[in-house]
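Okay, structure first, notes after.
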Amino acid sequence: MKRFLLVVLDGFGIGAMDDVSAIRPDDIGANTALHIYNTLPNFKLPTLASLGLGNAMLASEPSTPLPAALSPAKSCCYGFHNLAHFGADTFWGHQEFMGTKPKKGETGPILPKLPEIRSALEAKGHKVRFYSGDAGGAEREMLQPGILIVDECVTVGDNLETDLGNNYNVTAALDLLPFEEVRKIGKIVRSLVKTSRVIVFGGHGLGLNELLSAYECKTDYAGVNAPRSGVYRQGYEVIHLGYGVNTEVQLPAVLARAGIPTILIGKAADIIENPCLSMGEALQGKSISGVDTGEVLSETIHALNSLEHGFICVNVQETDLAGHREDTRLYGEVLSLADSRIKDIIEKLGTDDVMVISGDHGNDPTIGHSRHTREKTPILVWSGKAAAKNSVFLGGRASLADTGATAAAFFDALPPESGLSYLGNI
């Protein structure tokens, strides 16, 4: 019996991708890990360092001036990922980890799509009206930026929290409509647009007035400012519908068909489809949402205590949130906590287990903006059967999907859609 554990430190990069000067010039010089070390006096991550963080950073950028607290480990198994997905995105990073070959969607405001979306929703019996921020919410021709209001409890508009034009939001007051019904609305929207993501979410304790009070318009883009609306405060539920994502060829589905359960913890539970949930007792998989770092890593230890055979993926989100706040001190505190709890996790692993620690992109709090940074991410491997005498370099992998393919190979399952396994080198 054996377990494969993937720990994703959200927003933890180790140096800008080679293509940033051409496609994301604001990210030139980004190196999340290095800049945290350089900014915080006496900062240490003893567990990650022992697993080869310094080795991975030097392999990624050989000219990196490593701080004294991060000297290369003499015995470790390490490498680094390049990002195959466009930009630097948590959702796409995790789809890539699960073996999806990213497909770039269209970009632009939702406005030109609204007439078709409205017609499709009305054909399904929904009451739909257009809103453009007027005090009375008066109906207008859809010739200016605005949103759709569906059944007086759901809004359809642009996502205003990430790079404009990449994502659309379906936002709901769940006291007025169950999330499963909101999800159906989202799937109709998804079927009609080619944007990277349609994010379907809602919360309790609010109504249409709260959603519309958070309406904003940014040039050609209009939507509900989700944090300002209060949708996250109580009973939050979400599903991310990606463009061109076939969950049937992702790692959890591949493992499920082989009879191997998947447990998703933290934000991973919100953005990765887990087919085990529809299989009842046949596969004891779980999806456990959470944000607090201590809690999600404690849930990981609980999962290891109960799971004898299977795949676990946990996302540590608070690193990414600290990066968005451009708060280096907070980022360091979260990393230190994660480092300590990863040491506790190692104590729960057995001879037949493997753990990989990585990131999905960067989020350098010192770069001068609050967005994700397009960075390479470390591959740090703990294996109960790894040779202890020499360090093993796994190379600069072309995609995060290589780790998903490695997990599939670990369980002797068929490979996911994309990725090349490095299991033989561990």
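In the structure tokens, each chain is lettered A, B, ... as it comes, each chain's residues begin at 1, and ligands are numbered from 1 in order of appearance.
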
Find the residues near segment 246-248 of chain A: any atom within 8 Å, counting only C-alpha atoms, skip ones fewer than 3 places away on the same chain, and give them as a list of chain:residue names. A:Thr100, A:Ala253, A:Val254, A:Glu273

If we count only C-alpha atoms, what is near Ser71 of chain A at a cut-off of 9 Å, once residues fewer than 5 positions away on the same chain are taken out, given as JSON, numbers by chain? {"A": [49, 52, 53, 54, 55, 66]}

Once you have the residues from the selection above, write them out as a PDB file, in the first residue's frame, restricted to N, CA and C atoms.
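Listed below is the output, result_10.pdb:
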ATOM      1  N   ALA A  49      14.847  23.390   2.652  1.00  0.00           N
ATOM      2  CA  ALA A  49      16.270  23.431   2.312  1.00  0.00           C
ATOM      3  C   ALA A  49      16.858  22.028   2.292  1.00  0.00           C
ATOM      4  N   GLY A  52      16.168  20.221  -0.862  1.00  0.00           N
ATOM      5  CA  GLY A  52      16.837  20.677  -2.082  1.00  0.00           C
ATOM      6  C   GLY A  52      16.334  21.966  -2.671  1.00  0.00           C
ATOM      7  N   LEU A  53      15.732  22.848  -1.858  1.00  0.00           N
ATOM      8  CA  LEU A  53      15.248  24.108  -2.405  1.00  0.00           C
ATOM      9  C   LEU A  53      16.393  24.917  -3.023  1.00  0.00           C
ATOM     10  N   GLY A  54      17.501  25.012  -2.309  1.00  0.00           N
ATOM     11  CA  GLY A  54      18.649  25.737  -2.852  1.00  0.00           C
ATOM     12  C   GLY A  54      19.165  25.106  -4.129  1.00  0.00           C
ATOM     13  N   ASN A  55      19.189  23.792  -4.182  1.00  0.00           N
ATOM     14  CA  ASN A  55      19.628  23.085  -5.387  1.00  0.00           C
ATOM     15  C   ASN A  55      18.736  23.428  -6.570  1.00  0.00           C
ATOM     16  N   LEU A  66      22.765  32.533  -3.752  1.00  0.00           N
ATOM     17  CA  LEU A  66      22.004  31.942  -2.652  1.00  0.00           C
ATOM     18  C   LEU A  66      22.404  32.543  -1.315  1.00  0.00           C
TER      19      LEU A  66
END

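Closest approach to Glu96 of chain A from the set A:Ile265, A:Val314, A:Leu83, A:Ala59 is made by A:Leu83, with distances taken over only C-alpha atoms.
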
For segment 289-347 of chain A versus segment 37-40 of chain A, which residues have an atom no more than 12 Å away, and what is each residue's nearest atom pair and distance in Å rounded to one decimal, using only C-alpha atoms, chain-then-number order, as a Markdown table?
| residue | atom | partner | partner_atom | distance |
| --- | --- | --- | --- | --- |
| A:Asp327 | CA | A:Thr39 | CA | 10.8 |
| A:Thr328 | CA | A:Thr39 | CA | 7.4 |
| A:Arg329 | CA | A:Leu40 | CA | 7.0 |
| A:Leu330 | CA | A:Leu40 | CA | 10.4 |
| A:Tyr331 | CA | A:Leu40 | CA | 10.2 |
| A:Gly332 | CA | A:Leu40 | CA | 7.6 |
| A:Glu333 | CA | A:Leu40 | CA | 10.1 |
| A:Leu335 | CA | A:Tyr37 | CA | 10.9 |
| A:Ser336 | CA | A:Tyr37 | CA | 11.4 |

Write down as a ChimeraX atom specification the residues of segment 94-247 of chain A whose backbone DSSP state falls under alpha helix (DSSP H). /A:94-97,114-123,179-192,208-213,226-229

Next, the residues of the selection above should be written as a short mmCIF file (atom, residue, chain, number, x, y, z; two decimals), in the first residue's frame with N, CA and C atoms.
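Saved to result38.cif:
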data_model
loop_
_atom_site.label_atom_id
_atom_site.label_comp_id
_atom_site.auth_asym_id
_atom_site.auth_seq_id
_atom_site.Cartn_x
_atom_site.Cartn_y
_atom_site.Cartn_z
N HIS A 94 -3.05 24.26 -11.71
CA HIS A 94 -3.52 22.98 -11.16
C HIS A 94 -4.08 22.06 -12.23
N GLN A 95 -4.72 22.62 -13.26
CA GLN A 95 -5.15 21.76 -14.37
C GLN A 95 -3.92 21.15 -15.04
N GLU A 96 -2.86 21.94 -15.15
CA GLU A 96 -1.62 21.43 -15.73
C GLU A 96 -1.02 20.33 -14.86
N PHE A 97 -0.99 20.53 -13.54
CA PHE A 97 -0.52 19.49 -12.62
C PHE A 97 -1.29 18.19 -12.83
N LEU A 114 -23.12 38.89 -24.41
CA LEU A 114 -24.30 38.95 -23.55
C LEU A 114 -25.62 38.68 -24.28
N PRO A 115 -25.84 39.19 -25.53
CA PRO A 115 -27.12 38.88 -26.19
C PRO A 115 -27.34 37.38 -26.38
N GLU A 116 -26.28 36.66 -26.80
CA GLU A 116 -26.42 35.22 -27.01
C GLU A 116 -26.63 34.50 -25.69
N ILE A 117 -25.91 34.93 -24.65
CA ILE A 117 -26.08 34.31 -23.33
C ILE A 117 -27.50 34.55 -22.82
N ARG A 118 -27.98 35.77 -22.99
CA ARG A 118 -29.33 36.09 -22.53
C ARG A 118 -30.36 35.23 -23.24
N SER A 119 -30.24 35.10 -24.55
CA SER A 119 -31.21 34.30 -25.31
C SER A 119 -31.20 32.85 -24.85
N ALA A 120 -30.00 32.30 -24.63
CA ALA A 120 -29.90 30.90 -24.21
C ALA A 120 -30.51 30.69 -22.84
N LEU A 121 -30.29 31.62 -21.93
CA LEU A 121 -30.86 31.50 -20.59
C LEU A 121 -32.38 31.64 -20.62
N GLU A 122 -32.87 32.58 -21.42
CA GLU A 122 -34.32 32.75 -21.52
C GLU A 122 -34.98 31.54 -22.16
N ALA A 123 -34.27 30.90 -23.08
CA ALA A 123 -34.80 29.67 -23.70
C ALA A 123 -34.96 28.54 -22.69
N PHE A 179 -26.90 26.19 -5.09
CA PHE A 179 -25.69 26.26 -5.91
C PHE A 179 -25.78 25.35 -7.12
N GLU A 180 -26.41 24.20 -7.01
CA GLU A 180 -26.51 23.29 -8.15
C GLU A 180 -27.25 23.96 -9.30
N GLU A 181 -28.26 24.79 -9.01
CA GLU A 181 -28.97 25.52 -10.06
C GLU A 181 -28.10 26.63 -10.64
N VAL A 182 -27.31 27.26 -9.79
CA VAL A 182 -26.38 28.29 -10.27
C VAL A 182 -25.34 27.64 -11.20
N ARG A 183 -24.91 26.45 -10.82
CA ARG A 183 -23.94 25.72 -11.65
C ARG A 183 -24.51 25.46 -13.05
N LYS A 184 -25.79 25.16 -13.14
CA LYS A 184 -26.41 24.93 -14.44
C LYS A 184 -26.37 26.20 -15.29
N ILE A 185 -26.61 27.34 -14.66
CA ILE A 185 -26.50 28.62 -15.37
C ILE A 185 -25.07 28.81 -15.86
N GLY A 186 -24.12 28.51 -15.01
CA GLY A 186 -22.72 28.64 -15.39
C GLY A 186 -22.34 27.77 -16.56
N LYS A 187 -22.88 26.57 -16.61
CA LYS A 187 -22.55 25.66 -17.72
C LYS A 187 -23.13 26.18 -19.04
N ILE A 188 -24.27 26.84 -18.99
CA ILE A 188 -24.81 27.45 -20.20
C ILE A 188 -23.87 28.56 -20.68
N VAL A 189 -23.41 29.39 -19.75
CA VAL A 189 -22.47 30.45 -20.11
C VAL A 189 -21.19 29.84 -20.68
N ARG A 190 -20.69 28.80 -20.01
CA ARG A 190 -19.45 28.15 -20.46
C ARG A 190 -19.57 27.63 -21.89
N SER A 191 -20.74 27.11 -22.24
CA SER A 191 -20.94 26.52 -23.56
C SER A 191 -20.94 27.56 -24.68
N LEU A 192 -21.06 28.83 -24.33
CA LEU A 192 -21.21 29.88 -25.33
C LEU A 192 -20.00 30.79 -25.46
N LEU A 208 -29.60 40.29 -3.93
CA LEU A 208 -29.26 41.00 -5.16
C LEU A 208 -28.74 42.40 -4.86
N ASN A 209 -29.30 43.06 -3.87
CA ASN A 209 -28.85 44.43 -3.57
C ASN A 209 -27.36 44.48 -3.23
N GLU A 210 -26.89 43.48 -2.48
CA GLU A 210 -25.48 43.44 -2.12
C GLU A 210 -24.61 43.20 -3.34
N LEU A 211 -25.08 42.34 -4.25
CA LEU A 211 -24.32 42.10 -5.47
C LEU A 211 -24.23 43.38 -6.31
N LEU A 212 -25.37 44.05 -6.48
CA LEU A 212 -25.37 45.24 -7.34
C LEU A 212 -24.66 46.43 -6.68
N SER A 213 -24.60 46.44 -5.37
CA SER A 213 -23.87 47.53 -4.71
C SER A 213 -22.37 47.42 -4.97
N ALA A 226 -16.23 40.92 -6.42
CA ALA A 226 -16.63 39.82 -5.54
C ALA A 226 -16.27 40.08 -4.08
N PRO A 227 -15.04 40.48 -3.74
CA PRO A 227 -14.76 40.71 -2.32
C PRO A 227 -15.66 41.78 -1.70
N ARG A 228 -15.93 42.84 -2.44
CA ARG A 228 -16.75 43.94 -1.92
C ARG A 228 -18.21 43.53 -1.74
N SER A 229 -18.66 42.56 -2.51
CA SER A 229 -20.06 42.14 -2.42
C SER A 229 -20.37 41.34 -1.16
#

Interatomic distance (Å, one decimal) between atom CA of Ser298 of chain A and atom CA of Ser399 of chain A: 28.9 Å

Segment 10-19 of chain A: which residues within 8 Å, counting only C-alpha atoms, same-chain residues fewer than 6 positions away excluded, as a ChimeraX atom specification? /A:27-34,56-57,60-61,82-83,90,315-320,323,358-364,372-378

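Counting only C-alpha atoms, segment 110-113 of chain A has the following residues at most 10 Å away, ignoring those fewer than 5 positions along the same chain: Arg118, Met142, Leu143, Gln144, Pro145, Gly146, Ile147, Leu148, Val156, Gly157, Asp158, Asn159, Gly165, Asn166, Asn167, Tyr168, Asn169, Val189, Leu192, Val193, Thr195, Asp220, Tyr221, Ala222 and Gly223 of chain A.
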
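For the atom pair formed by atom CA of Arg129 of chain A and atom CA of Pro109 of chain A, the distance is 18.1 Å, given to one decimal.
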
Got a sec to tell me which of segment 45-216 of chain A DSSP assigns to strand (DSSP E or B), as number ranges by chain? A: 77-81, 106, 128-131, 147-150, 154-158, 167-173, 195, 197-203, 215-216

Residues from last step as file, N, CA and C atoms, as an mmCIF file, in the first residue's frame:
data_model
loop_
_atom_site.group_PDB
_atom_site.id
_atom_site.type_symbol
_atom_site.label_atom_id
_atom_site.label_comp_id
_atom_site.auth_asym_id
_atom_site.auth_seq_id
_atom_site.Cartn_x
_atom_site.Cartn_y
_atom_site.Cartn_z
ATOM 1 N N CYS A 77 16.564 15.001 -3.940
ATOM 2 C CA CYS A 77 16.029 14.711 -5.271
ATOM 3 C C CYS A 77 15.237 15.951 -5.692
ATOM 4 N N TYR A 78 15.689 16.655 -6.714
ATOM 5 C CA TYR A 78 15.167 17.981 -7.001
ATOM 6 C C TYR A 78 15.159 18.263 -8.502
ATOM 7 N N GLY A 79 14.440 19.293 -8.867
ATOM 8 C CA GLY A 79 14.403 19.784 -10.238
ATOM 9 C C GLY A 79 13.564 21.040 -10.256
ATOM 10 N N PHE A 80 13.085 21.410 -11.420
ATOM 11 C CA PHE A 80 12.177 22.552 -11.495
ATOM 12 C C PHE A 80 11.241 22.386 -12.681
ATOM 13 N N HIS A 81 10.072 23.012 -12.544
ATOM 14 C CA HIS A 81 9.072 23.034 -13.615
ATOM 15 C C HIS A 81 9.159 24.336 -14.388
ATOM 16 N N GLU A 106 -9.999 32.723 -25.677
ATOM 17 C CA GLU A 106 -10.053 34.083 -26.192
ATOM 18 C C GLU A 106 -10.054 35.077 -25.031
ATOM 19 N N VAL A 128 -34.271 37.180 -17.365
ATOM 20 C CA VAL A 128 -32.971 37.833 -17.522
ATOM 21 C C VAL A 128 -33.172 39.309 -17.873
ATOM 22 N N ARG A 129 -32.388 40.172 -17.220
ATOM 23 C CA ARG A 129 -32.386 41.578 -17.598
ATOM 24 C C ARG A 129 -30.959 42.117 -17.597
ATOM 25 N N PHE A 130 -30.766 43.189 -18.344
ATOM 26 C CA PHE A 130 -29.459 43.827 -18.464
ATOM 27 C C PHE A 130 -29.349 44.960 -17.457
ATOM 28 N N TYR A 131 -28.158 45.124 -16.868
ATOM 29 C CA TYR A 131 -27.934 46.158 -15.869
ATOM 30 C C TYR A 131 -26.599 46.834 -16.153
ATOM 31 N N ILE A 147 -23.884 44.048 -17.106
ATOM 32 C CA ILE A 147 -23.979 42.655 -16.706
ATOM 33 C C ILE A 147 -25.405 42.164 -16.930
ATOM 34 N N LEU A 148 -25.584 40.855 -16.852
ATOM 35 C CA LEU A 148 -26.912 40.259 -16.862
ATOM 36 C C LEU A 148 -27.315 39.907 -15.437
ATOM 37 N N ILE A 149 -28.571 40.151 -15.114
ATOM 38 C CA ILE A 149 -29.156 39.702 -13.855
ATOM 39 C C ILE A 149 -30.112 38.569 -14.188
ATOM 40 N N VAL A 150 -29.895 37.418 -13.581
ATOM 41 C CA VAL A 150 -30.664 36.212 -13.878
ATOM 42 C C VAL A 150 -31.509 35.852 -12.661
ATOM 43 N N VAL A 154 -28.725 36.176 -9.523
ATOM 44 C CA VAL A 154 -27.457 35.757 -10.121
ATOM 45 C C VAL A 154 -27.005 36.842 -11.093
ATOM 46 N N THR A 155 -25.715 37.145 -11.105
ATOM 47 C CA THR A 155 -25.179 38.081 -12.088
ATOM 48 C C THR A 155 -24.172 37.374 -12.983
ATOM 49 N N VAL A 156 -24.115 37.812 -14.237
ATOM 50 C CA VAL A 156 -23.162 37.298 -15.212
ATOM 51 C C VAL A 156 -22.381 38.485 -15.757
ATOM 52 N N GLY A 157 -21.075 38.497 -15.553
ATOM 53 C CA GLY A 157 -20.284 39.632 -15.996
ATOM 54 C C GLY A 157 -18.803 39.317 -16.050
ATOM 55 N N ASP A 158 -18.009 40.338 -16.246
ATOM 56 C CA ASP A 158 -16.561 40.187 -16.295
ATOM 57 C C ASP A 158 -15.996 39.951 -14.900
ATOM 58 N N ASN A 167 -11.320 35.941 -17.677
ATOM 59 C CA ASN A 167 -12.314 35.165 -16.935
ATOM 60 C C ASN A 167 -13.636 35.910 -16.862
ATOM 61 N N TYR A 168 -14.736 35.134 -16.845
ATOM 62 C CA TYR A 168 -16.061 35.687 -16.610
ATOM 63 C C TYR A 168 -16.602 35.097 -15.310
ATOM 64 N N ASN A 169 -17.429 35.851 -14.628
ATOM 65 C CA ASN A 169 -17.994 35.425 -13.347
ATOM 66 C C ASN A 169 -19.497 35.210 -13.438
ATOM 67 N N VAL A 170 -19.956 34.145 -12.798
ATOM 68 C CA VAL A 170 -21.374 33.916 -12.524
ATOM 69 C C VAL A 170 -21.491 33.927 -11.003
ATOM 70 N N THR A 171 -22.076 35.006 -10.469
ATOM 71 C CA THR A 171 -22.061 35.260 -9.028
ATOM 72 C C THR A 171 -23.479 35.185 -8.485
ATOM 73 N N ALA A 172 -23.656 34.491 -7.350
ATOM 74 C CA ALA A 172 -25.020 34.208 -6.903
ATOM 75 C C ALA A 172 -25.227 34.446 -5.418
ATOM 76 N N ALA A 173 -26.469 34.796 -5.081
ATOM 77 C CA ALA A 173 -26.943 34.845 -3.699
ATOM 78 C C ALA A 173 -27.586 33.494 -3.399
ATOM 79 N N THR A 195 -13.600 32.109 -23.327
ATOM 80 C CA THR A 195 -12.670 32.695 -22.380
ATOM 81 C C THR A 195 -12.021 31.596 -21.547
ATOM 82 N N ARG A 197 -11.682 30.992 -18.369
ATOM 83 C CA ARG A 197 -12.461 30.417 -17.270
ATOM 84 C C ARG A 197 -13.808 31.089 -17.132
ATOM 85 N N VAL A 198 -14.798 30.302 -16.767
ATOM 86 C CA VAL A 198 -16.058 30.817 -16.233
ATOM 87 C C VAL A 198 -16.088 30.376 -14.775
ATOM 88 N N ILE A 199 -16.061 31.343 -13.876
ATOM 89 C CA ILE A 199 -16.021 31.035 -12.440
ATOM 90 C C ILE A 199 -17.430 31.179 -11.883
ATOM 91 N N VAL A 200 -17.961 30.085 -11.386
ATOM 92 C CA VAL A 200 -19.335 30.037 -10.872
ATOM 93 C C VAL A 200 -19.252 29.958 -9.352
ATOM 94 N N PHE A 201 -19.810 30.935 -8.651
ATOM 95 C CA PHE A 201 -19.668 30.927 -7.201
ATOM 96 C C PHE A 201 -20.806 31.708 -6.549
ATOM 97 N N GLY A 202 -20.941 31.494 -5.258
ATOM 98 C CA GLY A 202 -21.981 32.193 -4.521
ATOM 99 C C GLY A 202 -21.754 32.079 -3.030
ATOM 100 N N GLY A 203 -22.555 32.824 -2.295
ATOM 101 C CA GLY A 203 -22.477 32.793 -0.846
ATOM 102 C C GLY A 203 -23.833 33.048 -0.232
ATOM 103 N N TYR A 215 -21.220 46.522 -7.982
ATOM 104 C CA TYR A 215 -21.045 46.632 -9.434
ATOM 105 C C TYR A 215 -19.961 47.657 -9.748
ATOM 106 N N GLU A 216 -19.096 47.306 -10.706
ATOM 107 C CA GLU A 216 -18.046 48.223 -11.141
ATOM 108 C C GLU A 216 -17.884 48.132 -12.654
#

Nearest residue to Ala413 of chain A from the set A:Trp382, A:Tyr236, A:Phe311, A:Phe43 (distances using only C-alpha atoms): A:Phe311

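Of the residues listed (A:Pro25, A:Ile367, A:Asn42, A:Met355), A:Met355 shows the shortest atom-to-atom separation from Leu380 of chain A; distances use only C-alpha atoms.
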
Pairwise distance, atom CA of Ile426 of chain A with atom CA of Pro65 of chain A, equals 27.2 Å

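Using only C-alpha atoms, the nearest neighbour of Ala88 of chain A within the list A:Ile36, A:Glu326, A:Gly133, A:Arg371 is A:Arg371.
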